[in-house]
$ cat start-v9.pdb   # PDB, C-alpha atoms and all ligand atoms
ATOM      1  CA  MET A   1      13.077 -13.701   4.148  1.00  0.00           C
ATOM      2  CA  VAL A   2      11.393 -16.790   2.768  1.00  0.00           C
ATOM      3  CA  ALA A   3      10.756 -16.910  -0.974  1.00  0.00           C
ATOM      4  CA  TRP A   4       8.811 -19.532  -2.905  1.00  0.00           C
ATOM      5  CA  PRO A   5      10.597 -21.312  -5.768  1.00  0.00           C
ATOM      6  CA  PRO A   6       9.666 -19.622  -9.087  1.00  0.00           C
ATOM      7  CA  ASP A   7       7.019 -22.124 -10.191  1.00  0.00           C
ATOM      8  CA  TRP A   8       5.600 -22.810  -6.758  1.00  0.00           C
ATOM      9  CA  GLN A   9       3.834 -19.488  -6.256  1.00  0.00           C
ATOM     10  CA  GLN A  10       1.940 -20.051  -9.518  1.00  0.00           C
ATOM     11  CA  ARG A  11       0.991 -23.599  -8.471  1.00  0.00           C
ATOM     12  CA  LEU A  12      -0.453 -22.236  -5.250  1.00  0.00           C
ATOM     13  CA  ILE A  13      -2.363 -19.532  -7.108  1.00  0.00           C
ATOM     14  CA  ASP A  14      -3.675 -22.166  -9.532  1.00  0.00           C
ATOM     15  CA  ALA A  15      -4.800 -24.343  -6.619  1.00  0.00           C
ATOM     16  CA  LEU A  16      -6.610 -21.408  -4.983  1.00  0.00           C
ATOM     17  CA  THR A  17      -8.308 -20.598  -8.284  1.00  0.00           C
ATOM     18  CA  ARG A  18      -9.358 -24.238  -8.840  1.00  0.00           C
ATOM     19  CA  ALA A  19     -10.868 -24.237  -5.364  1.00  0.00           C
ATOM     20  CA  GLY A  20     -12.822 -21.065  -6.106  1.00  0.00           C
ATOM     21  CA  ALA A  21     -10.837 -19.137  -3.479  1.00  0.00           C
ATOM     22  CA  ASP A  22     -10.401 -16.127  -5.751  1.00  0.00           C
ATOM     23  CA  ARG A  23     -13.398 -14.068  -4.713  1.00  0.00           C
ATOM     24  CA  PRO A  24     -13.235 -10.470  -3.438  1.00  0.00           C
ATOM     25  CA  CYS A  25     -12.129  -9.735   0.127  1.00  0.00           C
ATOM     26  CA  PRO A  26     -14.866 -10.690   2.623  1.00  0.00           C
ATOM     27  CA  ARG A  27     -14.104  -7.564   4.695  1.00  0.00           C
ATOM     28  CA  CYS A  28     -13.716  -4.704   2.218  1.00  0.00           C
ATOM     29  CA  GLY A  29     -14.694  -6.175  -1.163  1.00  0.00           C
ATOM     30  CA  HIS A  30     -11.333  -5.425  -2.792  1.00  0.00           C
ATOM     31  CA  ASP A  31     -10.321  -7.740  -5.658  1.00  0.00           C
ATOM     32  CA  ASP A  32      -6.536  -7.977  -5.248  1.00  0.00           C
ATOM     33  CA  PHE A  33      -4.613 -10.190  -2.846  1.00  0.00           C
ATOM     34  CA  GLN A  34      -0.977 -11.056  -2.258  1.00  0.00           C
ATOM     35  CA  LEU A  35       0.123 -14.632  -1.604  1.00  0.00           C
ATOM     36  CA  MET A  36       2.498 -14.579   1.343  1.00  0.00           C
ATOM     37  CA  ASP A  37       5.801 -16.419   0.882  1.00  0.00           C
ATOM     38  CA  GLY A  38       6.360 -19.316   3.267  1.00  0.00           C
ATOM     39  CA  TYR A  39       4.142 -21.643   5.254  1.00  0.00           C
ATOM     40  CA  PHE A  40       2.327 -20.611   8.407  1.00  0.00           C
ATOM     41  CA  SER A  41       1.710 -22.935  11.313  1.00  0.00           C
ATOM     42  CA  LEU A  42      -1.388 -23.018  13.473  1.00  0.00           C
ATOM     43  CA  ALA A  43      -0.752 -24.550  16.880  1.00  0.00           C
ATOM     44  CA  VAL A  44      -3.204 -27.233  18.037  1.00  0.00           C
ATOM     45  CA  GLN A  45      -3.760 -27.626  21.782  1.00  0.00           C
ATOM     46  CA  ALA A  46      -5.506 -30.580  23.411  1.00  0.00           C
ATOM     47  CA  ARG A  47      -6.244 -28.488  26.530  1.00  0.00           C
ATOM     48  CA  LEU A  48      -6.255 -24.728  27.112  1.00  0.00           C
ATOM     49  CA  GLY A  49      -3.663 -24.945  29.863  1.00  0.00           C
ATOM     50  CA  ASP A  50      -1.204 -27.073  27.880  1.00  0.00           C
ATOM     51  CA  GLY A  51       1.199 -26.258  25.079  1.00  0.00           C
ATOM     52  CA  PRO A  52       0.712 -27.245  21.465  1.00  0.00           C
ATOM     53  CA  VAL A  53       0.478 -30.956  20.673  1.00  0.00           C
ATOM     54  CA  ALA A  54       0.447 -30.569  16.884  1.00  0.00           C
ATOM     55  CA  SER A  55       0.382 -27.945  14.173  1.00  0.00           C
ATOM     56  CA  ILE A  56      -1.503 -27.334  10.949  1.00  0.00           C
ATOM     57  CA  PRO A  57       0.562 -25.960   8.045  1.00  0.00           C
ATOM     58  CA  THR A  58      -1.149 -23.258   5.987  1.00  0.00           C
ATOM     59  CA  VAL A  59      -0.485 -20.769   3.205  1.00  0.00           C
ATOM     60  CA  ALA A  60      -1.898 -17.254   3.504  1.00  0.00           C
ATOM     61  CA  THR A  61      -3.256 -14.487   1.320  1.00  0.00           C
ATOM     62  CA  VAL A  62      -3.517 -10.833   2.336  1.00  0.00           C
ATOM     63  CA  CYS A  63      -5.943  -8.263   0.921  1.00  0.00           C
ATOM     64  CA  ASP A  64      -4.012  -5.448  -0.786  1.00  0.00           C
ATOM     65  CA  ARG A  65      -6.330  -2.785   0.600  1.00  0.00           C
ATOM     66  CA  CYS A  66      -7.384  -3.702   4.159  1.00  0.00           C
ATOM     67  CA  GLY A  67      -4.819  -6.380   5.030  1.00  0.00           C
ATOM     68  CA  PHE A  68      -7.381  -9.067   5.800  1.00  0.00           C
ATOM     69  CA  LEU A  69      -5.410 -12.315   6.212  1.00  0.00           C
ATOM     70  CA  SER A  70      -6.894 -15.647   5.187  1.00  0.00           C
ATOM     71  CA  GLN A  71      -5.246 -19.021   5.581  1.00  0.00           C
ATOM     72  CA  HIS A  72      -5.650 -22.232   3.606  1.00  0.00           C
ATOM     73  CA  VAL A  73      -4.680 -25.625   5.042  1.00  0.00           C
ATOM     74  CA  VAL A  74      -1.887 -26.988   2.853  1.00  0.00           C
ATOM     75  CA  ASN A  75      -3.012 -30.616   3.158  1.00  0.00           C
ATOM     76  CA  VAL A  76      -6.392 -29.697   1.669  1.00  0.00           C
ATOM     77  CA  LEU A  77      -5.386 -27.045  -0.857  1.00  0.00           C
ATOM     78  CA  LEU A  78      -2.536 -29.119  -2.257  1.00  0.00           C
ATOM     79  CA  ALA A  79      -3.850 -32.627  -1.671  1.00  0.00           C
ATOM     80  CA  THR A  80      -2.581 -33.832  -5.046  1.00  0.00           C
ATOM     81  CA  ASP A  81       0.675 -31.821  -4.983  1.00  0.00           C
ATOM     82  CA  ILE A  82       1.740 -32.285  -1.372  1.00  0.00           C
ATOM     83  CA  ASP A  83       4.720 -34.556  -2.089  1.00  0.00           C
ATOM     84  CA  ASP A  84       6.116 -32.003  -4.556  1.00  0.00           C
ATOM     85  CA  ALA A  85       5.789 -29.060  -2.164  1.00  0.00           C
ATOM     86  CA  PRO A  86       9.010 -27.283  -1.194  1.00  0.00           C
ATOM     87  CA  GLY A  87       9.770 -28.797   2.178  1.00  0.00           C
ATOM     88  CA  GLY A  88       7.023 -31.330   1.472  1.00  0.00           C
ATOM     89  CA  GLY A  89       6.995 -35.087   1.691  1.00  0.00           C
ATOM     90  CA  PRO A  90       6.177 -37.201   4.725  1.00  0.00           C
ATOM     91  CA  ALA A  91       7.317 -34.629   7.306  1.00  0.00           C
ATOM     92  CA  ALA A  92       4.855 -32.026   6.046  1.00  0.00           C
ATOM     93  CA  GLY A  93       1.985 -34.383   6.767  1.00  0.00           C
ATOM     94  CA  SER A  94       3.077 -34.968  10.354  1.00  0.00           C
ATOM     95  CA  SER A  95       0.364 -32.817  11.879  1.00  0.00           C
ATOM     96  CA  ALA A  96      -2.074 -34.902  13.873  1.00  0.00           C
ATOM     97  CA  GLY A  97      -5.834 -35.133  13.881  1.00  0.00           C
ATOM     98  CA  PRO A  98      -7.325 -32.020  12.294  1.00  0.00           C
ATOM     99  CA  GLY A  99      -4.845 -31.857   9.422  1.00  0.00           C
ATOM    100  CA  SER A 100      -5.302 -35.497   8.603  1.00  0.00           C
ATOM    101  CA  SER A 101      -9.070 -35.480   8.706  1.00  0.00           C
ATOM    102  CA  ALA A 102      -9.187 -32.212   6.763  1.00  0.00           C
ATOM    103  CA  GLY A 103      -7.489 -34.044   3.923  1.00  0.00           C
ATOM    104  CA  SER A 104     -10.585 -36.148   3.435  1.00  0.00           C
ATOM    105  CA  GLY A 105     -12.461 -33.146   2.111  1.00  0.00           C
ATOM    106  CA  GLU A 106     -14.922 -33.082   4.989  1.00  0.00           C
ATOM    107  CA  LEU A 107     -14.443 -29.314   5.351  1.00  0.00           C
ATOM    108  CA  ALA A 108     -16.140 -28.716   2.011  1.00  0.00           C
ATOM    109  CA  SER A 109     -19.748 -27.702   2.424  1.00  0.00           C
TER     110      SER A 109
HETATM  111 ZN    ZN A 201      -9.890  -6.233   2.165  1.00  0.00          ZN
END

$ encode --input "start-v9.pdb" --output "structure tokens"
Amino acid sequence: MVAWPPDWQQRLIDALTRAGADRPCPRCGHDDFQLMDGYFSLAVQARLGDGPVASIPTVATVCDRCGFLSQHVVNVLLATDIDDAPGGGPAAGSSAGPGSSAGSGELAS
């Protein structure tokens, strides 16, 4: 099982809080979430019939009551901390297109 380094879980929680991503569950309204250990990877396909051409690394939270899973793109959430991330550095930013453009903050609205 993957486990975050001791200080890293708190850094992620701090980043979520700074971003305002600490509101109640959008499905059931419950207040408590768990931060999942480890990164998740969303596959990016250029065409439906082809395999993945890139991936977007995310971290995920799960609602303690209903299990609603939400994901946050690492390159956006941790834009200032990305080089310090466990397993971070240049390889973590290797995802093409969407991950790179998301880093510009264009997703904020
Ligand atoms: Zn919920």

$ atom_distance --input "start-v9.pdb" --atom1 "atom CA of A:Phe33" --atom2 "atom CA of A:Cys63"
4.4 Å

$ closest_residue --input "start-v9.pdb" --among "A:Asp50, A:Asp31, A:Ala85, A:Met36" --to "A:Trp8" --atoms "only C-alpha atoms"
A:Ala85

$ closest_atom_pairs --input "start-v9.pdb" --of "chain A" --to "ligand ZN 201 (chain A)" --cutoff "8 Å" --atoms "all atoms listed in the file" --output "JSON lines"
{"residue": "A:Pro24", "atom": "CA", "partner": "A:ZN201", "partner_atom": "ZN", "distance": 7.8}
{"residue": "A:Cys25", "atom": "CA", "partner": "A:ZN201", "partner_atom": "ZN", "distance": 4.6}
{"residue": "A:Pro26", "atom": "CA", "partner": "A:ZN201", "partner_atom": "ZN", "distance": 6.7}
{"residue": "A:Arg27", "atom": "CA", "partner": "A:ZN201", "partner_atom": "ZN", "distance": 5.1}
{"residue": "A:Cys28", "atom": "CA", "partner": "A:ZN201", "partner_atom": "ZN", "distance": 4.1}
{"residue": "A:Gly29", "atom": "CA", "partner": "A:ZN201", "partner_atom": "ZN", "distance": 5.8}
{"residue": "A:His30", "atom": "CA", "partner": "A:ZN201", "partner_atom": "ZN", "distance": 5.2}
{"residue": "A:Asp31", "atom": "CA", "partner": "A:ZN201", "partner_atom": "ZN", "distance": 8.0}
{"residue": "A:Val62", "atom": "CA", "partner": "A:ZN201", "partner_atom": "ZN", "distance": 7.9}
{"residue": "A:Cys63", "atom": "CA", "partner": "A:ZN201", "partner_atom": "ZN", "distance": 4.6}
{"residue": "A:Asp64", "atom": "CA", "partner": "A:ZN201", "partner_atom": "ZN", "distance": 6.6}
{"residue": "A:Arg65", "atom": "CA", "partner": "A:ZN201", "partner_atom": "ZN", "distance": 5.2}
{"residue": "A:Cys66", "atom": "CA", "partner": "A:ZN201", "partner_atom": "ZN", "distance": 4.1}
{"residue": "A:Gly67", "atom": "CA", "partner": "A:ZN201", "partner_atom": "ZN", "distance": 5.8}
{"residue": "A:Phe68", "atom": "CA", "partner": "A:ZN201", "partner_atom": "ZN", "distance": 5.2}

$ closest_residue --input "start-v9.pdb" --among "A:Val2, A:Ala21, A:Ala43, A:Leu12" --to "A:Leu78" --atoms "all atoms listed in the file"
A:Leu12

$ residues_around --input "start-v9.pdb" --residues "A:Met1" --least-positions-apart "2" --cutoff "10 Å" --atoms "only C-alpha atoms" --output "number ranges by chain"
A: 3, 37-38

$ residues_around --input "start-v9.pdb" --residues "A:His72" --least-positions-apart "6" --cutoff "12 Å" --atoms "only C-alpha atoms" --output "VMD selection string"
chain A and resid 12 to 13 15 to 16 19 21 35 to 36 39 to 42 56 to 62 78 to 79 99 102 to 103 107

$ atom_distance --input "start-v9.pdb" --atom1 "atom CA of A:Asp84" --atom2 "atom CA of A:Gly20"
21.9 Å

$ atom_distance --input "start-v9.pdb" --atom1 "atom CA of A:Leu69" --atom2 "atom CA of A:Asp32"
12.3 Å

$ axis_aligned_box --input "start-v9.pdb" --around "stretch 11-30 of chain A" --padding-each-side "3 Å" --output "AutoDock Vina command-line options"
--center_x -6.9 --center_y -14.5 --center_z -2.4 --size_x 21.9 --size_y 25.6 --size_z 20.2
